[in-house]
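Structure below is data16.txt: compact mmCIF, C-alpha atoms and all ligand atoms.
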# COMPACT_ATOMS: atom_id res chain seq x y z
CA MET A 1323 117.18 93.18 123.33
CA GLY A 1324 117.97 91.78 119.90
CA LEU A 1325 116.86 88.38 121.08
CA PHE A 1326 113.26 89.56 121.53
CA LYS A 1327 113.06 91.66 118.43
CA GLY A 1328 109.62 91.45 116.84
CA LYS A 1329 107.88 90.09 119.93
CA LEU A 1330 108.04 92.92 122.39
CA VAL A 1331 105.79 92.75 125.39
CA THR A 1332 102.41 94.39 124.83
CA ARG A 1333 99.46 95.10 127.08
CA GLU A 1334 97.43 92.40 125.30
CA ARG A 1335 100.12 89.81 125.87
CA VAL A 1336 100.30 90.72 129.55
CA VAL A 1337 96.50 90.37 129.89
CA ASP A 1338 96.75 87.00 128.14
CA VAL A 1339 99.44 85.73 130.44
CA LEU A 1340 97.47 86.94 133.47
CA ARG A 1341 94.73 84.54 132.39
CA THR A 1342 97.11 81.79 133.52
CA VAL A 1343 97.49 83.24 137.04
CA ASN A 1344 94.90 81.89 139.44
CA ASP A 1345 93.65 83.42 142.64
CA PRO A 1346 95.10 80.99 145.20
CA GLU A 1347 91.79 80.67 147.01
CA LEU A 1348 89.15 80.77 144.32
CA HIS A 1349 91.12 78.78 141.72
CA GLN A 1350 89.93 81.06 138.94
CA ASP A 1351 92.22 83.28 136.94
CA LEU A 1352 92.64 86.92 137.89
CA VAL A 1353 91.25 88.21 134.59
CA SER A 1354 88.05 86.16 134.78
CA LEU A 1355 87.61 87.30 138.36
CA ASN A 1356 87.83 90.94 137.22
CA MET A 1357 90.66 91.46 139.67
CA VAL A 1358 92.91 93.00 137.00
CA ARG A 1359 92.00 96.66 137.00
CA ASP A 1360 94.70 98.07 134.77
CA VAL A 1361 97.76 97.05 132.81
CA THR A 1362 100.29 99.46 131.35
CA VAL A 1363 103.43 98.70 129.39
CA ALA A 1364 106.05 101.36 128.72
CA ASP A 1365 109.48 100.58 127.41
CA GLY A 1366 109.42 97.00 128.72
CA GLU A 1367 108.29 98.12 132.18
CA VAL A 1368 105.02 96.38 133.04
CA ARG A 1369 102.65 97.69 135.70
CA VAL A 1370 99.71 95.57 136.77
CA HIS A 1371 97.01 96.94 139.05
CA VAL A 1372 95.09 94.26 140.94
CA GLU A 1373 92.04 94.82 143.10
CA LEU A 1374 91.96 92.51 146.10
CA THR A 1375 89.06 91.16 148.10
CA THR A 1376 89.80 92.63 151.47
CA PRO A 1377 92.01 95.41 152.76
CA ALA A 1378 93.90 92.84 154.86
CA CYS A 1379 94.72 90.83 151.71
CA PRO A 1380 96.56 87.88 153.23
CA LEU A 1381 97.35 86.44 149.80
CA LYS A 1382 98.88 89.61 148.41
CA ASP A 1383 102.47 88.39 148.35
CA ARG A 1384 101.58 85.11 146.71
CA ILE A 1385 99.54 86.88 144.03
CA ARG A 1386 102.35 89.36 143.44
CA SER A 1387 105.00 86.67 142.96
CA ASP A 1388 102.72 84.60 140.70
CA ILE A 1389 102.07 87.66 138.51
CA GLU A 1390 105.76 88.55 138.36
CA ALA A 1391 106.72 85.01 137.39
CA ALA A 1392 104.03 84.83 134.68
CA VAL A 1393 104.82 88.24 133.18
CA ARG A 1394 108.54 87.49 133.13
CA THR A 1395 107.89 84.55 130.80
CA LEU A 1396 107.10 87.16 128.11
CA GLY A 1397 109.92 88.45 125.96
CA GLY A 1398 111.22 91.98 126.42
CA VAL A 1399 110.13 92.51 130.01
CA ARG A 1400 112.53 94.77 131.88
CA GLY A 1401 110.59 95.14 135.08
CA VAL A 1402 107.28 94.18 136.68
CA ALA A 1403 105.46 96.34 139.23
CA VAL A 1404 102.32 95.02 140.86
CA GLU A 1405 100.02 97.47 142.62
CA PHE A 1406 97.13 96.53 144.84
CA SER A 1407 93.96 98.23 145.93
CA ALA A 1408 90.99 97.13 148.00
CA PRO A 1409 87.45 96.86 146.68
CA GLY A 1410 85.33 99.93 146.06
CA GLY A 1411 88.32 102.22 146.21
CA GLY A 1412 88.23 102.14 150.02
CA GLN A 1413 91.22 101.40 152.17
CA THR A 1414 94.11 100.27 150.09
CA CYS A 1415 96.89 97.96 150.93
CA GLY A 1416 100.07 99.08 149.23
CA HIS A 1417 100.40 102.38 147.47
CA ALA A 1418 98.00 101.86 144.61
CA HIS A 1419 95.52 104.40 143.44
CA SER A 1420 91.92 103.27 143.42
CA LEU A 1421 89.54 103.18 140.53
CA ALA A 1422 85.79 103.68 140.50
CA ALA A 1423 83.73 100.60 141.30
CA GLY A 1424 82.63 98.79 138.20
CA HIS A 1425 85.64 99.83 136.16
CA GLN A 1426 86.95 97.06 134.01
CA VAL A 1427 89.89 96.62 131.73
CA PRO A 1428 88.40 97.21 128.28
CA GLY A 1429 88.05 94.04 126.30
CA VAL A 1430 88.57 91.77 129.31
CA ALA A 1431 84.89 91.14 130.08
CA GLU A 1432 82.10 91.61 127.57
CA GLN A 1433 78.90 92.80 129.13
CA VAL A 1434 75.24 92.29 128.38
CA SER A 1435 73.24 95.48 128.05
CA LEU A 1436 70.12 95.81 130.21
CA PRO A 1437 69.39 99.49 129.70
CA ASP A 1438 65.98 99.54 131.39
CA VAL A 1439 66.82 97.48 134.45
CA ARG A 1440 67.58 99.71 137.39
CA SER A 1441 69.00 97.16 139.80
CA VAL A 1442 70.09 93.54 139.80
CA VAL A 1443 70.05 91.72 143.12
CA ALA A 1444 71.30 88.14 143.41
CA VAL A 1445 70.11 85.88 146.21
CA GLY A 1446 72.68 83.25 147.10
CA ALA A 1447 74.12 81.07 149.81
CA GLY A 1448 77.07 78.80 150.24
CA LYS A 1449 74.75 75.93 151.01
CA GLY A 1450 71.77 74.13 149.50
CA GLY A 1451 68.30 74.10 150.99
CA VAL A 1452 68.60 77.17 153.21
CA GLY A 1453 65.72 78.93 151.44
CA LYS A 1454 67.32 80.96 148.64
CA SER A 1455 64.44 80.32 146.26
CA THR A 1456 61.84 80.95 148.96
CA ILE A 1457 63.49 84.24 149.93
CA SER A 1458 63.85 85.21 146.24
CA VAL A 1459 60.13 84.63 145.67
CA LEU A 1460 59.01 86.38 148.85
CA ALA A 1461 61.30 89.36 148.23
CA ALA A 1462 60.20 89.63 144.58
CA VAL A 1463 56.49 89.36 145.35
CA GLY A 1464 56.89 91.70 148.33
CA LEU A 1465 58.55 94.32 146.10
CA ALA A 1466 55.88 93.92 143.39
CA ARG A 1467 53.14 94.36 145.99
CA ARG A 1468 54.68 97.72 146.82
CA GLY A 1469 54.28 98.78 143.20
CA ALA A 1470 57.81 98.08 141.94
CA LYS A 1471 58.39 96.52 138.52
CA VAL A 1472 60.09 93.24 139.30
CA GLY A 1473 61.67 90.44 137.31
CA LEU A 1474 62.66 87.10 138.81
CA LEU A 1475 65.38 85.13 137.08
CA ASP A 1476 65.80 81.53 138.19
CA ALA A 1477 69.53 81.08 137.66
CA ASP A 1478 69.52 77.68 139.34
CA VAL A 1479 70.05 75.79 136.12
CA TYR A 1480 70.76 72.58 138.05
CA GLY A 1481 67.57 72.51 140.07
CA PRO A 1482 65.10 75.18 138.94
CA SER A 1483 62.35 75.58 141.54
CA ILE A 1484 60.87 78.99 140.77
CA PRO A 1485 58.20 77.81 138.26
CA LYS A 1486 56.76 75.46 140.89
CA MET A 1487 56.99 78.00 143.70
CA LEU A 1488 54.97 80.41 141.55
CA GLY A 1489 52.53 77.76 140.33
CA VAL A 1490 53.46 78.25 136.66
CA GLU A 1491 55.27 74.99 135.80
CA ASP A 1492 52.96 74.46 132.84
CA GLN A 1493 53.61 77.81 131.22
CA ARG A 1494 56.12 78.52 128.48
CA PRO A 1495 57.85 81.79 127.66
CA GLY A 1496 56.82 83.35 124.35
CA LEU A 1497 59.24 83.61 121.45
CA VAL A 1498 58.98 86.60 119.14
CA GLY A 1499 61.77 86.57 116.58
CA ASP A 1500 64.80 85.82 118.70
CA ARG A 1501 63.41 87.57 121.76
CA ILE A 1502 62.13 85.51 124.68
CA HIS A 1503 59.09 86.91 126.47
CA PRO A 1504 59.11 86.03 130.17
CA VAL A 1505 56.24 84.26 131.89
CA ARG A 1506 54.08 86.59 133.97
CA ALA A 1507 53.02 85.44 137.41
CA HIS A 1508 52.04 87.16 140.67
CA GLY A 1509 52.93 90.55 139.22
CA LEU A 1510 56.42 89.39 138.19
CA LYS A 1511 58.21 88.71 134.93
CA VAL A 1512 59.77 85.28 135.35
CA MET A 1513 62.34 83.25 133.46
CA SER A 1514 63.68 79.81 134.32
CA ILE A 1515 65.29 76.89 132.54
CA GLY A 1516 62.47 74.94 134.20
CA PHE A 1517 60.08 76.33 131.56
CA LEU A 1518 62.16 74.76 128.84
CA ILE A 1519 62.89 71.31 130.25
CA GLY A 1520 60.51 68.73 131.67
CA PRO A 1521 60.28 68.34 135.46
CA GLN A 1522 61.99 64.94 135.32
CA GLN A 1523 64.65 65.99 132.86
CA ALA A 1524 68.20 66.54 134.03
CA VAL A 1525 70.70 68.61 132.11
CA VAL A 1526 74.38 67.81 132.32
CA TRP A 1527 75.91 71.24 132.29
CA ARG A 1528 79.39 72.14 131.28
CA GLY A 1529 80.83 75.54 132.22
CA PRO A 1530 80.47 77.15 128.76
CA MET A 1531 76.84 76.01 128.47
CA ILE A 1532 76.00 77.63 131.78
CA HIS A 1533 77.76 80.77 130.68
CA GLY A 1534 75.80 80.85 127.41
CA THR A 1535 72.43 80.12 129.02
CA ILE A 1536 72.77 82.73 131.74
CA ARG A 1537 73.86 85.33 129.22
CA GLN A 1538 70.88 84.44 127.03
CA PHE A 1539 68.55 84.77 130.00
CA LEU A 1540 69.93 88.23 130.58
CA GLY A 1541 70.33 89.52 127.05
CA GLN A 1542 67.69 87.76 125.00
CA VAL A 1543 64.79 87.93 127.45
CA GLU A 1544 62.45 90.88 127.02
CA TRP A 1545 62.73 92.12 130.61
CA GLY A 1546 61.62 95.61 129.63
CA GLU A 1547 61.63 98.24 132.34
CA LEU A 1548 62.38 96.83 135.78
CA ASP A 1549 63.10 98.41 139.13
CA TYR A 1550 64.51 95.12 140.40
CA LEU A 1551 65.76 91.99 138.72
CA ILE A 1552 66.00 89.38 141.47
CA VAL A 1553 68.26 86.46 140.60
CA ASP A 1554 67.84 83.16 142.46
CA LEU A 1555 71.22 81.43 142.46
CA PRO A 1556 72.08 77.75 142.74
CA PRO A 1557 73.81 76.65 145.96
CA GLY A 1558 77.55 77.14 146.28
CA THR A 1559 80.17 79.22 144.61
CA GLY A 1560 80.33 77.98 141.04
CA ASP A 1561 79.98 79.10 137.44
CA VAL A 1562 76.67 80.94 137.74
CA PRO A 1563 77.72 83.77 140.06
CA LEU A 1564 80.94 84.12 138.09
CA THR A 1565 79.11 84.47 134.77
CA LEU A 1566 76.58 86.87 136.27
CA SER A 1567 79.20 89.12 137.77
CA GLN A 1568 81.06 89.21 134.46
CA SER A 1569 78.01 89.81 132.33
CA ILE A 1570 76.16 92.64 134.06
CA PRO A 1571 76.93 95.25 136.67
CA MET A 1572 75.19 93.83 139.69
CA THR A 1573 73.83 96.04 142.40
CA GLY A 1574 74.67 93.41 144.99
CA ALA A 1575 73.98 90.06 146.55
CA VAL A 1576 71.80 88.99 149.44
CA VAL A 1577 73.28 86.05 151.36
CA VAL A 1578 70.79 83.64 152.92
CA CYS A 1579 71.71 81.42 155.82
CA THR A 1580 70.08 79.44 158.59
CA PRO A 1581 71.17 79.78 162.20
CA GLN A 1582 73.18 76.57 162.42
CA ASP A 1583 76.91 77.10 162.75
CA VAL A 1584 77.81 75.19 159.63
CA ALA A 1585 75.34 77.22 157.56
CA LEU A 1586 76.86 80.41 158.96
CA LEU A 1587 80.33 79.33 157.90
CA ASP A 1588 78.97 78.68 154.44
CA ALA A 1589 77.43 82.14 154.46
CA VAL A 1590 80.80 83.69 155.27
CA ARG A 1591 82.33 81.73 152.41
CA ALA A 1592 79.59 82.92 150.04
CA ALA A 1593 80.03 86.51 151.15
CA ARG A 1594 83.77 86.28 150.56
CA MET A 1595 83.16 84.91 147.09
CA TYR A 1596 80.98 87.89 146.17
CA GLN A 1597 83.58 90.26 147.50
CA GLN A 1598 86.16 88.48 145.37
CA LEU A 1599 83.91 88.83 142.33
CA ASN A 1600 83.54 92.54 143.10
CA VAL A 1601 79.86 92.06 143.85
CA GLU A 1602 78.77 94.01 146.89
CA VAL A 1603 77.13 92.03 149.64
CA LEU A 1604 73.93 93.92 150.41
CA GLY A 1605 73.54 91.92 153.59
CA VAL A 1606 72.63 88.66 155.27
CA VAL A 1607 69.13 87.24 155.79
CA GLU A 1608 68.60 84.59 158.44
CA ASN A 1609 65.97 82.12 157.28
CA MET A 1610 64.21 79.45 159.36
CA SER A 1611 65.37 81.60 162.20
CA TYR A 1612 62.84 81.05 164.96
CA PHE A 1613 59.52 79.28 165.35
CA ILE A 1614 56.31 80.86 166.57
CA ALA A 1615 53.90 78.36 168.05
CA PRO A 1616 50.54 78.94 166.32
CA ASP A 1617 48.58 78.10 169.47
CA THR A 1618 50.44 80.18 172.04
CA GLY A 1619 52.24 82.71 169.84
CA GLN A 1620 55.42 82.01 171.75
CA ALA A 1621 58.71 82.30 169.82
CA TYR A 1622 61.27 79.50 170.07
CA ASP A 1623 64.87 79.88 168.92
CA LEU A 1624 65.50 76.43 167.58
CA PHE A 1625 69.16 76.80 166.77
CA GLY A 1626 70.32 79.60 168.99
CA LYS A 1627 69.95 83.32 168.57
CA GLY A 1628 71.81 86.11 166.87
CA GLY A 1629 74.35 83.99 164.95
CA ALA A 1630 73.63 85.41 161.51
CA GLU A 1631 73.57 88.93 162.87
CA ARG A 1632 76.99 88.39 164.42
CA ALA A 1633 78.28 86.81 161.20
CA ALA A 1634 77.03 89.86 159.27
CA ALA A 1635 78.72 92.19 161.75
CA GLY A 1636 81.93 90.16 161.44
CA LEU A 1637 81.81 90.54 157.68
CA GLY A 1638 81.03 94.23 157.98
CA VAL A 1639 77.78 93.88 156.04
CA PRO A 1640 74.21 94.76 157.04
CA PHE A 1641 71.85 92.29 158.66
CA LEU A 1642 68.64 92.31 156.63
CA GLY A 1643 66.35 90.45 158.99
CA SER A 1644 65.13 87.10 160.22
CA ILE A 1645 62.38 85.02 158.64
CA PRO A 1646 60.79 82.42 160.93
CA VAL A 1647 60.29 78.79 160.05
CA ASN A 1648 56.60 78.53 159.31
CA VAL A 1649 54.53 75.77 157.83
CA ALA A 1650 52.53 78.23 155.70
CA ILE A 1651 55.75 79.26 153.92
CA ARG A 1652 56.43 75.66 152.99
CA ILE A 1653 52.84 75.04 151.92
CA SER A 1654 52.63 78.18 149.79
CA GLY A 1655 55.97 77.24 148.20
CA ASP A 1656 54.68 73.80 147.30
CA ALA A 1657 51.34 75.13 146.08
CA GLY A 1658 52.77 78.06 144.13
CA THR A 1659 50.70 80.64 146.03
CA PRO A 1660 53.05 83.23 147.59
CA GLU A 1661 50.21 85.74 148.01
CA ASP A 1662 48.75 83.53 150.75
CA ILE A 1663 51.64 84.53 152.99
CA PHE A 1664 51.11 88.25 152.47
CA GLU A 1665 47.33 88.09 152.70
CA GLY A 1666 47.10 85.69 155.62
CA ASN A 1667 50.11 86.94 157.60
CA PRO A 1668 50.31 83.63 159.51
CA GLU A 1669 52.02 84.13 162.87
CA GLY A 1670 53.17 87.55 161.69
CA VAL A 1671 55.36 86.10 158.93
CA ALA A 1672 54.31 88.75 156.41
CA MET A 1673 55.59 91.43 158.78
CA ALA A 1674 58.96 89.73 159.03
CA ILE A 1675 59.13 89.56 155.23
CA ASP A 1676 58.12 93.18 154.99
CA GLY A 1677 61.00 94.14 157.26
CA MET A 1678 63.41 92.21 155.04
CA VAL A 1679 62.04 93.84 151.88
CA THR A 1680 62.42 97.30 153.46
CA ALA A 1681 66.03 96.49 154.40
CA ILE A 1682 66.84 95.29 150.86
CA VAL A 1683 65.26 98.40 149.32
CA ALA A 1684 67.29 100.60 151.68
CA GLN A 1685 70.52 98.91 150.62
CA VAL A 1686 69.72 99.14 146.91
CA VAL A 1687 68.69 102.77 147.17
CA SER A 1688 71.77 103.74 149.15
CA ARG A 1689 73.96 102.16 146.49
CA GLN A 1690 72.17 103.98 143.74
CA SER A 1691 72.47 107.32 145.45
CA SER A 1692 76.17 107.11 146.24
CA PRO A 1693 78.37 107.99 143.28
CA GLU A 1694 81.10 105.49 144.24
CA THR A 1695 78.85 102.50 144.24
CA ARG A 1696 76.19 103.46 141.72
CA VAL A 1697 76.21 101.04 138.82
CA SER A 1698 75.22 102.19 135.41
CA LEU A 1699 72.99 99.54 133.99
CA THR A 1700 73.53 100.84 130.48
CA VAL A 1701 76.70 99.10 129.46
CA HIS A 1702 78.05 99.02 125.98
CA PRO A 1703 79.85 95.96 124.72
N1 LIG B 1 61.06 80.04 156.49
C1 LIG B 1 60.64 78.85 156.08
N2 LIG B 1 59.68 78.17 156.75
C2 LIG B 1 59.26 76.95 156.33
N3 LIG B 1 59.72 76.32 155.27
C3 LIG B 1 60.69 76.93 154.55
C4 LIG B 1 61.19 78.22 154.90
N4 LIG B 1 62.13 78.58 154.00
C5 LIG B 1 62.21 77.56 153.11
N5 LIG B 1 61.35 76.57 153.45
C6 LIG B 1 61.15 75.30 152.75
O1 LIG B 1 62.40 74.64 152.72
C7 LIG B 1 62.59 73.98 151.47
C8 LIG B 1 63.86 74.49 150.82
O2 LIG B 1 63.69 75.85 150.50
P1 LIG B 1 64.24 76.48 149.13
O3 LIG B 1 63.92 75.60 147.99
O4 LIG B 1 63.79 77.88 149.10
O5 LIG B 1 65.79 76.41 149.45
P2 LIG B 1 67.02 76.68 148.45
O6 LIG B 1 68.11 77.24 149.29
O7 LIG B 1 66.57 77.47 147.30
O8 LIG B 1 67.36 75.21 148.01
P3 LIG B 1 68.32 74.74 146.80
O9 LIG B 1 69.71 74.86 147.36
O10 LIG B 1 67.90 73.36 146.52
O11 LIG B 1 68.09 75.71 145.66
C9 LIG B 1 61.31 74.25 150.67
O12 LIG B 1 60.44 73.18 150.83
C10 LIG B 1 60.75 75.51 151.31
O13 LIG B 1 59.33 75.58 151.19
MG MG B 2 66.74 77.08 145.25
Would you give me this structure, written as C-alpha cells?
Amino acid sequence: MGLFKGKLVTRERVVDVLRTVNDPELHQDLVSLNMVRDVTVADGEVRVHVELTTPACPLKDRIRSDIEAAVRTLGGVRGVAVEFSAPGGGQTCGHAHSLAAGHQVPGVAEQVSLPDVRSVVAVGAGKGGVGKSTISVLAAVGLARRGAKVGLLDADVYGPSIPKMLGVEDQRPGLVGDRIHPVRAHGLKVMSIGFLIGPQQAVVWRGPMIHGTIRQFLGQVEWGELDYLIVDLPPGTGDVPLTLSQSIPMTGAVVVCTPQDVALLDAVRAARMYQQLNVEVLGVVENMSYFIAPDTGQAYDLFGKGGAERAAAGLGVPFLGSIPVNVAIRISGDAGTPEDIFEGNPEGVAMAIDGMVTAIVAQVVSRQSSPETRVSLTVHP
C-alpha cells in the first residue's frame, strides 16, 4: 500500500479512466455513451455499474475485461466488480440492480435545460435520402394542425433542408441579447444552420463544433412552451445524435426507412445506435412504401411489402405506419408548401400521414404517462 500513498483510487479517477474504454461496437467511450450508471469506491474495491444496450448483451464479457484492465492501471485498486443491467431497468443480464431511466452519473454529462418543452422527438435513419426531413416536416405540421405547439430543429448541420422544405430560406432568426428567436413558418418555430449560412456555402465541421452548435440550438434558442420539439437528424450514426442524447433527455427517436432490404438493415443499425445511447426508439416509419396510381387508385408495392413492419417487430419496437411515394410530396417539399398535402389529400396521402402522427402521439403520451420512462424536461446542470 505504501507504494500508492497519496494517490489512492477515487471515484473521479475511475470515471476518468473509463473515458478510455470504448464500446467495442460504437467506438465511443462508455462515459460519453452514458453507459456508466454508477461508480463506487470503498477501501480500494471499485464497483462499476454499466447499462448495456440489449438484455442479450453479446459484448458483455469484452466490456467487463476492458473495464477491469483500465481500472487496474490506477494505483490502490484491490478489486474490480463490474455489474450490468439492461436499458430502462427491464430484464437484466447479471445480478445488477436497475436504475430509473434517465439517471446519469452526476458530473458525467452536462445537460441543457428546456423547462417548457414537454417532449423531444428525433427523426433519424441509418441512411441518407430516405425521407427523414420530409417525415419531420409532415409530422411537425401534422401535429401543429391538431393544435399542438411544435418546434422543428434542423439538426442536419451538413445538409440543412428544412428552410427550403418550409419555403423560408430567405428568413433569418431574430437575435435579442444572446437569445435566438426561431423563424416562424406553417405554425412551427423553426431553427436551422441553413438560416445562418448561404445555400452554396459548405461548413467543414469538426466534432466539437457540432457539439457546440447543437447545444446552442437547444439552449440559446427561445423555444418557449412546446408540446413537441421535432429534431431532423443528418443521415447515419455520428456526432449529432450523440450530442443530442447527452444534452437533453429525449423522449425518443422515430426511425425512417424505405422498403428496400439495404435500407432496412440501416434502420436496424440506427435503432441499435439509439438503444446504445439510451434513447428509446418510438418506432419505425416506412417511407416511399407503396405507390397509388392517380388514374386508377390502385396501390403498387414497388419494393415488396411488410419489410419495415417485420424489422420493427424484430427490434421489438412499434411500427408507426407507411407513407406512400407520391409526386405531390416531392413537389410540396421543393416548393416549401407542406399544407398542400394536408389540404389536397392527394391519393389519400394526408390520411396516411395522419395515421403516422396519431401513432407518434400515442408513443409519446404512453412514455409520459409511465413513471419508468417519463423524462423530466427540467434538468439542472
Ligand atoms: N413519400 C415520398 N414521396 C415522394 N417523394 C418523397 C417522399 N419522401 C421523400 N421524398 C423526396 O425524396 C427526396 C429526399 O427526401 P428527404 O430530403 O426528406 O430525405 P432525407 O432522408 O432527409 O435526406 P438526407 O439524408 O439528405 O437528409 C426529396 O426530394 C423528397 O421530396
Ligand atoms: Mg434530410
(request) Please identify the residues whose atoms come within 7 Å of ligand MG 2 (chain B), using all atoms listed in the file, and report them as a ChimeraX atom specification. (result) /A:1451,1453-1455,1478,1481-1483,1554-1556
(request) Identify which of the residues A:Gly1489, A:Gly1446, A:Pro1646, A:Gly1496 lies closest to Val1590 (chain A), counting only C-alpha atoms when measuring atom-to-atom distances. (result) A:Gly1446
(request) Quick one: everything within 9 Å of region 1550-1552 of chain A, counting only C-alpha atoms, minus sequence neighbours fewer than 2 positions away in the same chain. Send it as a list of chain:residue names. (result) A:Val1439, A:Arg1440, A:Ser1441, A:Val1442, A:Val1443, A:Ala1444, A:Val1445, A:Ser1458, A:Val1459, A:Ala1461, A:Ala1462, A:Leu1465, A:Ala1470, A:Lys1471, A:Val1472, A:Gly1473, A:Leu1474, A:Leu1475, A:Asp1476, A:Trp1545, A:Leu1548, A:Asp1554
Each chain A residue no farther than 10 Å from ligand LIG 1 (chain B), nearest pair in Å, all atoms listed in the file, as JSON lines:
{"residue": "A:Val1445", "atom": "CA", "partner": "B:LIG1", "partner_atom": "O7", "distance": 9.2}
{"residue": "A:Gly1446", "atom": "CA", "partner": "B:LIG1", "partner_atom": "O6", "distance": 7.9}
{"residue": "A:Ala1447", "atom": "CA", "partner": "B:LIG1", "partner_atom": "O6", "distance": 7.1}
{"residue": "A:Gly1448", "atom": "CA", "partner": "B:LIG1", "partner_atom": "O9", "distance": 8.8}
{"residue": "A:Lys1449", "atom": "CA", "partner": "B:LIG1", "partner_atom": "O9", "distance": 6.3}
{"residue": "A:Gly1450", "atom": "CA", "partner": "B:LIG1", "partner_atom": "O9", "distance": 3.1}
{"residue": "A:Gly1451", "atom": "CA", "partner": "B:LIG1", "partner_atom": "O8", "distance": 3.3}
{"residue": "A:Val1452", "atom": "CA", "partner": "B:LIG1", "partner_atom": "O6", "distance": 4.0}
{"residue": "A:Gly1453", "atom": "CA", "partner": "B:LIG1", "partner_atom": "O4", "distance": 3.2}
{"residue": "A:Lys1454", "atom": "CA", "partner": "B:LIG1", "partner_atom": "O7", "distance": 3.8}
{"residue": "A:Ser1455", "atom": "CA", "partner": "B:LIG1", "partner_atom": "O7", "distance": 3.7}
{"residue": "A:Thr1456", "atom": "CA", "partner": "B:LIG1", "partner_atom": "O4", "distance": 3.6}
{"residue": "A:Ile1457", "atom": "CA", "partner": "B:LIG1", "partner_atom": "O4", "distance": 6.4}
{"residue": "A:Ser1458", "atom": "CA", "partner": "B:LIG1", "partner_atom": "O4", "distance": 7.9}
{"residue": "A:Val1459", "atom": "CA", "partner": "B:LIG1", "partner_atom": "O4", "distance": 8.4}
{"residue": "A:Leu1460", "atom": "CA", "partner": "B:LIG1", "partner_atom": "O4", "distance": 9.8}
{"residue": "A:Asp1476", "atom": "CA", "partner": "B:LIG1", "partner_atom": "O11", "distance": 9.7}
{"residue": "A:Ala1477", "atom": "CA", "partner": "B:LIG1", "partner_atom": "O11", "distance": 9.7}
{"residue": "A:Asp1478", "atom": "CA", "partner": "B:LIG1", "partner_atom": "O11", "distance": 6.8}
{"residue": "A:Val1479", "atom": "CA", "partner": "B:LIG1", "partner_atom": "O11", "distance": 9.7}
{"residue": "A:Tyr1480", "atom": "CA", "partner": "B:LIG1", "partner_atom": "O11", "distance": 8.7}
{"residue": "A:Gly1481", "atom": "CA", "partner": "B:LIG1", "partner_atom": "O11", "distance": 6.5}
{"residue": "A:Pro1482", "atom": "CA", "partner": "B:LIG1", "partner_atom": "O11", "distance": 7.4}
{"residue": "A:Ser1483", "atom": "CA", "partner": "B:LIG1", "partner_atom": "O3", "distance": 6.6}
{"residue": "A:Ile1484", "atom": "CA", "partner": "B:LIG1", "partner_atom": "O3", "distance": 8.5}
{"residue": "A:Met1487", "atom": "CA", "partner": "B:LIG1", "partner_atom": "O13", "distance": 8.2}
{"residue": "A:Asp1554", "atom": "CA", "partner": "B:LIG1", "partner_atom": "O7", "distance": 7.6}
{"residue": "A:Leu1555", "atom": "CA", "partner": "B:LIG1", "partner_atom": "O11", "distance": 7.3}
{"residue": "A:Pro1556", "atom": "CA", "partner": "B:LIG1", "partner_atom": "O11", "distance": 5.3}
{"residue": "A:Pro1557", "atom": "CA", "partner": "B:LIG1", "partner_atom": "O9", "distance": 4.7}
{"residue": "A:Gly1558", "atom": "CA", "partner": "B:LIG1", "partner_atom": "O9", "distance": 8.2}
{"residue": "A:Val1578", "atom": "CA", "partner": "B:LIG1", "partner_atom": "O6", "distance": 7.8}
{"residue": "A:Cys1579", "atom": "CA", "partner": "B:LIG1", "partner_atom": "O6", "distance": 8.5}
{"residue": "A:Thr1580", "atom": "CA", "partner": "B:LIG1", "partner_atom": "N4", "distance": 9.2}
{"residue": "A:Glu1608", "atom": "CA", "partner": "B:LIG1", "partner_atom": "N1", "distance": 9.0}
{"residue": "A:Asn1609", "atom": "CA", "partner": "B:LIG1", "partner_atom": "N1", "distance": 5.4}
{"residue": "A:Met1610", "atom": "CA", "partner": "B:LIG1", "partner_atom": "N1", "distance": 4.3}
{"residue": "A:Ser1611", "atom": "CA", "partner": "B:LIG1", "partner_atom": "N1", "distance": 7.3}
{"residue": "A:Tyr1612", "atom": "CA", "partner": "B:LIG1", "partner_atom": "N1", "distance": 8.7}
{"residue": "A:Phe1613", "atom": "CA", "partner": "B:LIG1", "partner_atom": "N2", "distance": 8.7}
{"residue": "A:Ser1644", "atom": "CA", "partner": "B:LIG1", "partner_atom": "N1", "distance": 9.0}
{"residue": "A:Ile1645", "atom": "CA", "partner": "B:LIG1", "partner_atom": "N1", "distance": 5.6}
{"residue": "A:Pro1646", "atom": "CA", "partner": "B:LIG1", "partner_atom": "N1", "distance": 5.0}
{"residue": "A:Val1647", "atom": "CA", "partner": "B:LIG1", "partner_atom": "N2", "distance": 3.4}
{"residue": "A:Asn1648", "atom": "CA", "partner": "B:LIG1", "partner_atom": "N2", "distance": 4.0}
{"residue": "A:Val1649", "atom": "CA", "partner": "B:LIG1", "partner_atom": "C2", "distance": 5.1}
{"residue": "A:Ala1650", "atom": "CA", "partner": "B:LIG1", "partner_atom": "C2", "distance": 6.9}
{"residue": "A:Ile1651", "atom": "CA", "partner": "B:LIG1", "partner_atom": "C2", "distance": 4.8}
{"residue": "A:Arg1652", "atom": "CA", "partner": "B:LIG1", "partner_atom": "O13", "distance": 3.4}
{"residue": "A:Ile1653", "atom": "CA", "partner": "B:LIG1", "partner_atom": "O13", "distance": 6.6}
{"residue": "A:Ser1654", "atom": "CA", "partner": "B:LIG1", "partner_atom": "O13", "distance": 7.3}
{"residue": "A:Gly1655", "atom": "CA", "partner": "B:LIG1", "partner_atom": "O13", "distance": 4.8}
{"residue": "A:Asp1656", "atom": "CA", "partner": "B:LIG1", "partner_atom": "O13", "distance": 6.3}
{"residue": "A:Ala1657", "atom": "CA", "partner": "B:LIG1", "partner_atom": "O13", "distance": 9.5}
{"residue": "A:Gly1658", "atom": "CA", "partner": "B:LIG1", "partner_atom": "O13", "distance": 10.0}
{"residue": "A:Val1671", "atom": "CA", "partner": "B:LIG1", "partner_atom": "N1", "distance": 8.7}
{"residue": "A:Ile1675", "atom": "CA", "partner": "B:LIG1", "partner_atom": "N1", "distance": 9.8}
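Distances to Leu1587 (chain A) were evaluated for A:Gly1516, A:Gly1636, A:Gly1534, A:Gly1560 using all atoms listed in the file, and the minimum falls at A:Gly1636.
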(request) Counting only C-alpha atoms, find the residues whose atoms lie at most 9 Å from (101.2, 93.5, 126.9) (file coordinates) and write them out as a PyMOL selection string. (result) chain A and resi 1330-1339+1361-1363+1368+1393+1396
(request) Considering all atoms listed in the file, state which residue in the set A:Leu1352, A:Gly1464, A:Val1370, A:Val1607 is at the smallest distance from Asp1662 (chain A). (result) A:Gly1464
